[in-house]
Amino acid sequence: MKKYWKMVVIFFVVVITVGVYYMQLAVASKNDVSFKIETISGDKEEIENLMFQANYQSGDSDRRLYITKDGSTPQIRHSVIAKLKDPFQTLMFQNYIEEHRNFMRGKVLFPSNFSENETHIIYAAPPNKGQKVIQGNLLTFNIDLLDKKKNDSLSFEVSTIAQASYNFIVINNIYKENGEIKILATGAPINGGEELLLYSVDINNKKLLSVSILAKVESDKEIKSSLSIFKDNSKYQNVYFVYMLEKYKDQYEDGGRNTISRQISLYNNKNNAQEELIIPEEMTPDLYRLMLREGDIFIPVYSSDGLQLNRYNIEKKQWEMPLHFNLVSPVNDEREPFLQIANGKVYLAESVSNEHLFFIYDLYTGESLFEGKIIKENGENTDYILHFELLNEINY
């Protein structure tokens with residue numbers, strides 16, 4: 001009997017684990033709430049394949065839900081993916097792991113370490129495993145490529161001599177085209193400040209082609225500086241990205257900045273070109289809301305009477321006529337509507353007196369395509385908060 005004791009212990013552990021899991025499911029089901037998207041006017045086909053990822057809070061209850069036109073289901077995760085707070089990360093890695101389990105094994109699950117185009121998934125690990133980089137020592141990237149059609153992978157590493165010492169270097173974006181990979185990274189120099197770095201890698205020869213410093217933030221006691229990076233978070237590969245260098249002095253009591261200077265640049269990965277962007281003064285307070293979508297830059301500006309959506313066409317190098325959308329309630333520090341731009345449409349959701357209104361508009365004409373509500377299907381409790389995180393298009 002002694003030689004079977006390990007098997008007996010494993011058996012009981014499995015039984016207890018499974019029992020606890022189903023008890024959790026039962027409790028969740030008993031106390032569950034349900035929401036659904038209901039049509040008021042417009043084309044019902046607009047919501048046929050839409051799914052909100054939302055966070056529901058009521059008293060001590062805090063749970064995440066998937067909400068569609070047919071109802072809602074709880075987001076139950078029992079894996080490493082459950083630790084990811086960003087819903088975009090959750091969906092991205094769930095798909096990757098389900099479809100390419102072997103390739104994903106051992107990877108650092110952070111979106112900026114991955115890129116995807118029609119043929120490949122590209123992964124680059126943080127240089128030196130995210131640890132300190134010393135000037136004069138090797139700075140090494142480990143790169144993996146998966147051919148999605150052949151299901152074959154290629155792994156290699158490239159190195160260069162570090163030209164400075166960094167506390168760490170993190171990857172912001174990866175772009176692949178014509179046998180070349182471009183890795184956009186932010187470095188934190190040991191002596192302070194930040195650097196925006198661009199590494200170019202030759203895939204065929206497995207070597208580093210160049211290292212460029214696109215922007216540099218110096219450390220200063222009196223004048224502070226910040227570096228912000230914007231990219232299209234709805235895509236797994238970005239042709240464009242925007243970066244902003246800002247210098248400012250002491251902050252105001254309300255947390256605002258006394259800005260001294262601001263420089264905003266657009267970089268094109270295809271032709272290695274960059275240009276300075278001139279942002280109209282009335283939009284500058286809302287620059288932190290800047291969004292890239294395909295070949296356009298959007299800056300939403302809220303006012304007492306609604307939302308003005310400003311669009312800069314990158315190819316034409318001009319600001320287009322802005323669109324205006326009415327809002328039911330004014331925006332303030334505690335109340336801001338859910339806004340998502342995708343598939344040539346504007347998706348807006350507002351919380352108004354425990355009602356949740358949902359609108360869909362054409363991105364380029366402003367035409368109303370759909371108006372609806374996200375309604376609570378069961379339970380009498382009206383004291384709750386429903387926070388919308390992400391809207392996905394799904395296939396049933």
# chains A, B, ... in the order shown; residues from 1 in each chain; ligands from 1
$ residues_around --residues "Asp202 (chain A)" --least-positions-apart "5" --cutoff "9 Å" --atoms "only C-alpha atoms" --output "count of residues only"
6
$ residues_around --residues "Gly306 (chain A)" --least-positions-apart "2" --cutoff "12 Å" --atoms "only C-alpha atoms" --output "PyMOL selection string"
chain A and resi 300-304+308-309+323-332+336-337+348+350
$ write_last_selection --atoms "N, CA and C atoms" --output "tab-separated table (two decimals), in the first residue's frame"
chain	number	residue	atom	x	y	z
A	300	PRO	N	-10.68	63.11	-29.16
A	300	PRO	CA	-12.01	63.46	-28.67
A	300	PRO	C	-11.93	64.60	-27.65
A	301	VAL	N	-12.84	65.56	-27.79
A	301	VAL	CA	-12.91	66.70	-26.87
A	301	VAL	C	-14.34	66.78	-26.34
A	302	TYR	N	-14.48	66.69	-25.01
A	302	TYR	CA	-15.80	66.75	-24.39
A	302	TYR	C	-16.11	68.18	-23.95
A	303	SER	N	-17.39	68.54	-24.05
A	303	SER	CA	-17.86	69.85	-23.60
A	303	SER	C	-19.20	69.65	-22.90
A	304	SER	N	-19.81	70.75	-22.48
A	304	SER	CA	-21.08	70.64	-21.76
A	304	SER	C	-22.21	70.13	-22.63
A	308	GLN	N	-16.96	66.32	-29.33
A	308	GLN	CA	-16.45	66.70	-30.64
A	308	GLN	C	-15.29	65.78	-30.97
A	309	LEU	N	-15.43	65.05	-32.08
A	309	LEU	CA	-14.40	64.10	-32.49
A	309	LEU	C	-13.59	64.70	-33.63
A	323	LEU	N	-16.60	65.89	-36.15
A	323	LEU	CA	-17.97	65.41	-35.95
A	323	LEU	C	-18.42	65.75	-34.53
A	324	HIS	N	-19.71	66.02	-34.38
A	324	HIS	CA	-20.26	66.34	-33.06
A	324	HIS	C	-21.34	65.32	-32.70
A	325	PHE	N	-21.25	64.79	-31.48
A	325	PHE	CA	-22.22	63.82	-30.99
A	325	PHE	C	-22.82	64.35	-29.68
A	326	ASN	N	-24.14	64.35	-29.60
A	326	ASN	CA	-24.81	64.79	-28.38
A	326	ASN	C	-24.67	63.74	-27.28
A	327	LEU	N	-24.54	64.20	-26.05
A	327	LEU	CA	-24.50	63.33	-24.89
A	327	LEU	C	-25.69	63.67	-23.99
A	328	VAL	N	-26.23	62.65	-23.33
A	328	VAL	CA	-27.40	62.86	-22.49
A	328	VAL	C	-27.04	63.64	-21.24
A	329	SER	N	-25.87	63.36	-20.66
A	329	SER	CA	-25.45	64.04	-19.44
A	329	SER	C	-24.06	64.64	-19.64
A	330	PRO	N	-23.75	65.74	-18.95
A	330	PRO	CA	-22.44	66.38	-19.11
A	330	PRO	C	-21.32	65.51	-18.57
A	331	VAL	N	-20.12	65.67	-19.13
A	331	VAL	CA	-18.95	64.91	-18.71
A	331	VAL	C	-18.22	65.66	-17.61
A	332	ASN	N	-17.79	64.94	-16.58
A	332	ASN	CA	-16.98	65.54	-15.52
A	332	ASN	C	-15.90	64.55	-15.11
A	336	GLU	N	-17.48	59.89	-17.39
A	336	GLU	CA	-17.03	60.01	-18.78
A	336	GLU	C	-17.57	58.80	-19.54
A	337	PRO	N	-18.15	59.01	-20.71
A	337	PRO	CA	-18.76	57.88	-21.43
A	337	PRO	C	-17.71	56.91	-21.96
A	348	LEU	N	-20.51	54.53	-28.48
A	348	LEU	CA	-20.63	55.35	-27.27
A	348	LEU	C	-21.60	54.70	-26.30
A	350	GLU	N	-23.26	55.46	-22.35
A	350	GLU	CA	-23.38	56.39	-21.23
A	350	GLU	C	-24.15	55.75	-20.09
$ closest_residue --among "A:Gly366, A:Asn354, A:Pro322, A:Glu48" --to "Asp383 (chain A)" --atoms "only C-alpha atoms"
A:Asn354
$ select_by_dssp --residues "region 3-246 of chain A" --states "alpha helix (DSSP H)" --output "ChimeraX atom specification"
/A:5-30,87-99,101-104
$ closest_residue --among "A:Asn151, A:Thr140, A:Thr73, A:Gln237" --to "Asn102 (chain A)" --atoms "only C-alpha atoms"
A:Asn151
$ select_by_dssp --residues "region 257-305 of chain A" --states "strand (DSSP E or B)" --output "list in words"
Asn258, Thr259, Ile260, Ser261, Arg262, Gln263, Ile264, Ser265, Leu266, Tyr267, Asn268, Ala273, Gln274, Glu275, Glu276, Leu277, Met291, Leu292, Arg293, Asp296, Ile297, Phe298, Ile299, Pro300, Val301, Tyr302 and Ser303 of chain A
$ closest_residue --among "A:Glu38, A:Asp32, A:Glu195, A:Asp43" --to "Arg64 (chain A)" --atoms "only C-alpha atoms"
A:Asp32
$ atom_distance --atom1 "CA of Arg262 (chain A)" --atom2 "CA of Met244 (chain A)"
7.0 Å
$ residues_around --residues "Pro280 (chain A)" --least-positions-apart "5" --cutoff "12 Å" --atoms "only C-alpha atoms" --output "list in words"
Ile264, Pro285, Asp286, Leu287, Ile299, Val301, Asn310, Arg311, Tyr312, Gln318 and Trp319 of chain A
$ closest_residue --among "A:Glu276, A:Asp147, A:Asp62, A:Glu46" --to "Phe103 (chain A)" --atoms "only C-alpha atoms"
A:Asp147
$ atom_distance --atom1 "CA of Gln131 (chain A)" --atom2 "CA of Phe168 (chain A)"
5.5 Å
$ residues_around --residues "Glu157 (chain A)" --least-positions-apart "4" --cutoff "6 Å" --atoms "only C-alpha atoms" --output "PDB file with N, CA, C and O atoms, in the first residue's frame"
ATOM      1  N   PHE A 141      18.428  40.701 -27.749  1.00  0.00           N
ATOM      2  CA  PHE A 141      17.012  40.437 -27.970  1.00  0.00           C
ATOM      3  C   PHE A 141      16.837  38.985 -28.397  1.00  0.00           C
ATOM      4  O   PHE A 141      17.549  38.504 -29.287  1.00  0.00           O
ATOM      5  N   ASN A 142      15.889  38.296 -27.783  1.00  0.00           N
ATOM      6  CA  ASN A 142      15.473  36.970 -28.242  1.00  0.00           C
ATOM      7  C   ASN A 142      14.193  37.131 -29.056  1.00  0.00           C
ATOM      8  O   ASN A 142      13.206  37.700 -28.568  1.00  0.00           O
ATOM      9  N   ILE A 143      14.212  36.639 -30.292  1.00  0.00           N
ATOM     10  CA  ILE A 143      13.104  36.848 -31.221  1.00  0.00           C
ATOM     11  C   ILE A 143      12.571  35.510 -31.705  1.00  0.00           C
ATOM     12  O   ILE A 143      13.344  34.616 -32.066  1.00  0.00           O
TER      13      ILE A 143
END
$ atom_distance --atom1 "CA of Gly344 (chain A)" --atom2 "CA of Asn117 (chain A)"
19.9 Å
$ closest_atom_pairs --of "region 323-365 of chain A" --to "region 384-387 of chain A" --cutoff "12 Å" --atoms "only C-alpha atoms" --output "CSV"
residue,atom,partner,partner_atom,distance
A:Arg335,CA,A:His387,CA,10.8
A:Glu336,CA,A:His387,CA,10.5
A:Pro337,CA,A:His387,CA,9.6
A:Phe338,CA,A:His387,CA,8.4
A:Leu339,CA,A:His387,CA,11.9
A:Ala349,CA,A:His387,CA,9.7
A:Glu350,CA,A:His387,CA,9.7
A:Ser351,CA,A:Leu386,CA,8.0
A:Val352,CA,A:Ile385,CA,10.9
A:Ser353,CA,A:Ile385,CA,10.5
A:Asn354,CA,A:Tyr384,CA,7.8
A:Glu355,CA,A:Leu386,CA,9.7
A:His356,CA,A:Leu386,CA,8.3
A:Leu357,CA,A:Leu386,CA,11.6
$ write_last_selection --atoms "C-alpha atoms" --output "mmCIF file, in the first residue's frame"
data_model
loop_
_atom_site.group_PDB
_atom_site.id
_atom_site.type_symbol
_atom_site.label_atom_id
_atom_site.label_comp_id
_atom_site.auth_asym_id
_atom_site.auth_seq_id
_atom_site.Cartn_x
_atom_site.Cartn_y
_atom_site.Cartn_z
ATOM 1 C CA ARG A 335 -18.437 60.648 -15.328
ATOM 2 C CA GLU A 336 -17.034 60.006 -18.778
ATOM 3 C CA PRO A 337 -18.761 57.882 -21.430
ATOM 4 C CA PHE A 338 -17.313 54.715 -22.894
ATOM 5 C CA LEU A 339 -15.842 55.529 -26.307
ATOM 6 C CA ALA A 349 -22.106 54.103 -24.004
ATOM 7 C CA GLU A 350 -23.384 56.391 -21.233
ATOM 8 C CA SER A 351 -24.499 55.662 -17.681
ATOM 9 C CA VAL A 352 -27.435 57.913 -16.792
ATOM 10 C CA SER A 353 -29.416 57.429 -13.536
ATOM 11 C CA ASN A 354 -28.831 53.657 -13.525
ATOM 12 C CA GLU A 355 -29.655 53.497 -17.216
ATOM 13 C CA HIS A 356 -26.993 52.545 -19.728
ATOM 14 C CA LEU A 357 -27.501 54.023 -23.173
#
$ decode --residues "region 178-212 of chain A" --atoms "N, CA, C and O atoms" --output "PDB file, in the first residue's frame"
ATOM      1  N   ASN A 178       8.936  43.019 -45.154  1.00  0.00           N
ATOM      2  CA  ASN A 178      10.048  42.842 -46.096  1.00  0.00           C
ATOM      3  C   ASN A 178      11.325  42.329 -45.425  1.00  0.00           C
ATOM      4  O   ASN A 178      12.427  42.840 -45.653  1.00  0.00           O
ATOM      5  N   GLY A 179      11.170  41.305 -44.607  1.00  0.00           N
ATOM      6  CA  GLY A 179      12.347  40.672 -44.004  1.00  0.00           C
ATOM      7  C   GLY A 179      13.008  41.474 -42.909  1.00  0.00           C
ATOM      8  O   GLY A 179      14.149  41.159 -42.505  1.00  0.00           O
ATOM      9  N   GLU A 180      12.335  42.501 -42.413  1.00  0.00           N
ATOM     10  CA  GLU A 180      12.916  43.336 -41.368  1.00  0.00           C
ATOM     11  C   GLU A 180      11.934  43.495 -40.212  1.00  0.00           C
ATOM     12  O   GLU A 180      10.737  43.620 -40.409  1.00  0.00           O
ATOM     13  N   ILE A 181      12.477  43.463 -39.008  1.00  0.00           N
ATOM     14  CA  ILE A 181      11.681  43.700 -37.799  1.00  0.00           C
ATOM     15  C   ILE A 181      12.166  44.985 -37.150  1.00  0.00           C
ATOM     16  O   ILE A 181      13.373  45.183 -36.969  1.00  0.00           O
ATOM     17  N   LYS A 182      11.219  45.852 -36.796  1.00  0.00           N
ATOM     18  CA  LYS A 182      11.545  47.081 -36.074  1.00  0.00           C
ATOM     19  C   LYS A 182      10.959  46.999 -34.673  1.00  0.00           C
ATOM     20  O   LYS A 182       9.758  46.751 -34.514  1.00  0.00           O
ATOM     21  N   ILE A 183      11.826  47.197 -33.690  1.00  0.00           N
ATOM     22  CA  ILE A 183      11.421  47.098 -32.295  1.00  0.00           C
ATOM     23  C   ILE A 183      11.522  48.484 -31.662  1.00  0.00           C
ATOM     24  O   ILE A 183      12.604  49.058 -31.565  1.00  0.00           O
ATOM     25  N   LEU A 184      10.378  49.022 -31.266  1.00  0.00           N
ATOM     26  CA  LEU A 184      10.344  50.304 -30.568  1.00  0.00           C
ATOM     27  C   LEU A 184      10.402  50.023 -29.073  1.00  0.00           C
ATOM     28  O   LEU A 184       9.628  49.227 -28.550  1.00  0.00           O
ATOM     29  N   ALA A 185      11.337  50.680 -28.383  1.00  0.00           N
ATOM     30  CA  ALA A 185      11.532  50.398 -26.956  1.00  0.00           C
ATOM     31  C   ALA A 185      11.782  51.689 -26.189  1.00  0.00           C
ATOM     32  O   ALA A 185      12.224  52.701 -26.751  1.00  0.00           O
ATOM     33  N   THR A 186      11.479  51.648 -24.895  1.00  0.00           N
ATOM     34  CA  THR A 186      11.770  52.755 -23.997  1.00  0.00           C
ATOM     35  C   THR A 186      12.836  52.315 -23.009  1.00  0.00           C
ATOM     36  O   THR A 186      12.692  51.285 -22.352  1.00  0.00           O
ATOM     37  N   GLY A 187      13.898  53.096 -22.914  1.00  0.00           N
ATOM     38  CA  GLY A 187      14.964  52.798 -21.980  1.00  0.00           C
ATOM     39  C   GLY A 187      14.969  53.798 -20.837  1.00  0.00           C
ATOM     40  O   GLY A 187      14.697  54.987 -21.030  1.00  0.00           O
ATOM     41  N   ALA A 188      15.269  53.300 -19.632  1.00  0.00           N
ATOM     42  CA  ALA A 188      15.377  54.151 -18.440  1.00  0.00           C
ATOM     43  C   ALA A 188      16.844  54.227 -18.050  1.00  0.00           C
ATOM     44  O   ALA A 188      17.349  53.341 -17.339  1.00  0.00           O
ATOM     45  N   PRO A 189      17.576  55.259 -18.509  1.00  0.00           N
ATOM     46  CA  PRO A 189      19.004  55.369 -18.185  1.00  0.00           C
ATOM     47  C   PRO A 189      19.245  55.426 -16.680  1.00  0.00           C
ATOM     48  O   PRO A 189      18.424  55.969 -15.925  1.00  0.00           O
ATOM     49  N   ILE A 190      20.359  54.864 -16.261  1.00  0.00           N
ATOM     50  CA  ILE A 190      20.689  54.824 -14.839  1.00  0.00           C
ATOM     51  C   ILE A 190      20.821  56.234 -14.260  1.00  0.00           C
ATOM     52  O   ILE A 190      20.478  56.475 -13.099  1.00  0.00           O
ATOM     53  N   ASN A 191      21.302  57.189 -15.083  1.00  0.00           N
ATOM     54  CA  ASN A 191      21.473  58.549 -14.581  1.00  0.00           C
ATOM     55  C   ASN A 191      20.201  59.385 -14.689  1.00  0.00           C
ATOM     56  O   ASN A 191      20.218  60.605 -14.501  1.00  0.00           O
ATOM     57  N   GLY A 192      19.066  58.767 -14.997  1.00  0.00           N
ATOM     58  CA  GLY A 192      17.775  59.450 -15.031  1.00  0.00           C
ATOM     59  C   GLY A 192      17.303  59.766 -16.434  1.00  0.00           C
ATOM     60  O   GLY A 192      18.055  59.705 -17.405  1.00  0.00           O
ATOM     61  N   GLY A 193      16.025  60.124 -16.552  1.00  0.00           N
ATOM     62  CA  GLY A 193      15.439  60.446 -17.835  1.00  0.00           C
ATOM     63  C   GLY A 193      14.872  59.228 -18.548  1.00  0.00           C
ATOM     64  O   GLY A 193      14.721  58.149 -17.967  1.00  0.00           O
ATOM     65  N   GLU A 194      14.552  59.405 -19.833  1.00  0.00           N
ATOM     66  CA  GLU A 194      14.018  58.331 -20.678  1.00  0.00           C
ATOM     67  C   GLU A 194      14.572  58.476 -22.083  1.00  0.00           C
ATOM     68  O   GLU A 194      14.892  59.581 -22.528  1.00  0.00           O
ATOM     69  N   GLU A 195      14.637  57.352 -22.798  1.00  0.00           N
ATOM     70  CA  GLU A 195      15.043  57.361 -24.197  1.00  0.00           C
ATOM     71  C   GLU A 195      14.074  56.502 -24.999  1.00  0.00           C
ATOM     72  O   GLU A 195      13.685  55.404 -24.551  1.00  0.00           O
ATOM     73  N   LEU A 196      13.682  57.001 -26.164  1.00  0.00           N
ATOM     74  CA  LEU A 196      12.852  56.237 -27.087  1.00  0.00           C
ATOM     75  C   LEU A 196      13.767  55.657 -28.150  1.00  0.00           C
ATOM     76  O   LEU A 196      14.384  56.393 -28.926  1.00  0.00           O
ATOM     77  N   LEU A 197      13.890  54.333 -28.176  1.00  0.00           N
ATOM     78  CA  LEU A 197      14.869  53.634 -29.006  1.00  0.00           C
ATOM     79  C   LEU A 197      14.184  52.833 -30.097  1.00  0.00           C
ATOM     80  O   LEU A 197      13.110  52.262 -29.886  1.00  0.00           O
ATOM     81  N   LEU A 198      14.823  52.779 -31.276  1.00  0.00           N
ATOM     82  CA  LEU A 198      14.300  51.984 -32.380  1.00  0.00           C
ATOM     83  C   LEU A 198      15.399  51.054 -32.880  1.00  0.00           C
ATOM     84  O   LEU A 198      16.455  51.510 -33.334  1.00  0.00           O
ATOM     85  N   TYR A 199      15.146  49.734 -32.783  1.00  0.00           N
ATOM     86  CA  TYR A 199      16.093  48.715 -33.229  1.00  0.00           C
ATOM     87  C   TYR A 199      15.563  48.091 -34.514  1.00  0.00           C
ATOM     88  O   TYR A 199      14.388  47.703 -34.588  1.00  0.00           O
ATOM     89  N   SER A 200      16.424  47.972 -35.534  1.00  0.00           N
ATOM     90  CA  SER A 200      16.053  47.325 -36.793  1.00  0.00           C
ATOM     91  C   SER A 200      16.815  46.016 -36.934  1.00  0.00           C
ATOM     92  O   SER A 200      18.043  45.988 -36.781  1.00  0.00           O
ATOM     93  N   VAL A 201      16.090  44.926 -37.237  1.00  0.00           N
ATOM     94  CA  VAL A 201      16.673  43.585 -37.267  1.00  0.00           C
ATOM     95  C   VAL A 201      16.465  42.962 -38.645  1.00  0.00           C
ATOM     96  O   VAL A 201      15.344  42.965 -39.176  1.00  0.00           O
ATOM     97  N   ASP A 202      17.524  42.417 -39.219  1.00  0.00           N
ATOM     98  CA  ASP A 202      17.473  41.665 -40.478  1.00  0.00           C
ATOM     99  C   ASP A 202      17.140  40.212 -40.145  1.00  0.00           C
ATOM    100  O   ASP A 202      17.931  39.513 -39.495  1.00  0.00           O
ATOM    101  N   ILE A 203      15.965  39.746 -40.585  1.00  0.00           N
ATOM    102  CA  ILE A 203      15.529  38.388 -40.229  1.00  0.00           C
ATOM    103  C   ILE A 203      16.376  37.338 -40.942  1.00  0.00           C
ATOM    104  O   ILE A 203      16.810  36.355 -40.328  1.00  0.00           O
ATOM    105  N   ASN A 204      16.605  37.500 -42.237  1.00  0.00           N
ATOM    106  CA  ASN A 204      17.324  36.485 -43.022  1.00  0.00           C
ATOM    107  C   ASN A 204      18.745  36.266 -42.508  1.00  0.00           C
ATOM    108  O   ASN A 204      19.215  35.131 -42.415  1.00  0.00           O
ATOM    109  N   ASN A 205      19.432  37.363 -42.203  1.00  0.00           N
ATOM    110  CA  ASN A 205      20.815  37.248 -41.730  1.00  0.00           C
ATOM    111  C   ASN A 205      20.917  37.204 -40.210  1.00  0.00           C
ATOM    112  O   ASN A 205      22.019  37.088 -39.658  1.00  0.00           O
ATOM    113  N   LYS A 206      19.770  37.348 -39.545  1.00  0.00           N
ATOM    114  CA  LYS A 206      19.708  37.266 -38.075  1.00  0.00           C
ATOM    115  C   LYS A 206      20.733  38.197 -37.425  1.00  0.00           C
ATOM    116  O   LYS A 206      21.538  37.794 -36.586  1.00  0.00           O
ATOM    117  N   LYS A 207      20.657  39.458 -37.812  1.00  0.00           N
ATOM    118  CA  LYS A 207      21.584  40.427 -37.236  1.00  0.00           C
ATOM    119  C   LYS A 207      20.900  41.772 -37.053  1.00  0.00           C
ATOM    120  O   LYS A 207      19.887  42.074 -37.708  1.00  0.00           O
ATOM    121  N   LEU A 208      21.467  42.573 -36.172  1.00  0.00           N
ATOM    122  CA  LEU A 208      20.948  43.899 -35.908  1.00  0.00           C
ATOM    123  C   LEU A 208      21.486  44.875 -36.947  1.00  0.00           C
ATOM    124  O   LEU A 208      22.696  44.966 -37.166  1.00  0.00           O
ATOM    125  N   LEU A 209      20.578  45.603 -37.607  1.00  0.00           N
ATOM    126  CA  LEU A 209      20.985  46.533 -38.646  1.00  0.00           C
ATOM    127  C   LEU A 209      21.342  47.905 -38.092  1.00  0.00           C
ATOM    128  O   LEU A 209      22.316  48.531 -38.519  1.00  0.00           O
ATOM    129  N   SER A 210      20.527  48.404 -37.156  1.00  0.00           N
ATOM    130  CA  SER A 210      20.764  49.749 -36.646  1.00  0.00           C
ATOM    131  C   SER A 210      20.069  49.958 -35.311  1.00  0.00           C
ATOM    132  O   SER A 210      19.132  49.242 -34.960  1.00  0.00           O
ATOM    133  N   VAL A 211      20.562  50.969 -34.584  1.00  0.00           N
ATOM    134  CA  VAL A 211      19.938  51.418 -33.339  1.00  0.00           C
ATOM    135  C   VAL A 211      19.816  52.934 -33.417  1.00  0.00           C
ATOM    136  O   VAL A 211      20.805  53.629 -33.676  1.00  0.00           O
ATOM    137  N   SER A 212      18.614  53.456 -33.223  1.00  0.00           N
ATOM    138  CA  SER A 212      18.386  54.896 -33.302  1.00  0.00           C
ATOM    139  C   SER A 212      17.739  55.394 -32.016  1.00  0.00           C
ATOM    140  O   SER A 212      16.912  54.700 -31.417  1.00  0.00           O
TER     141      SER A 212
END
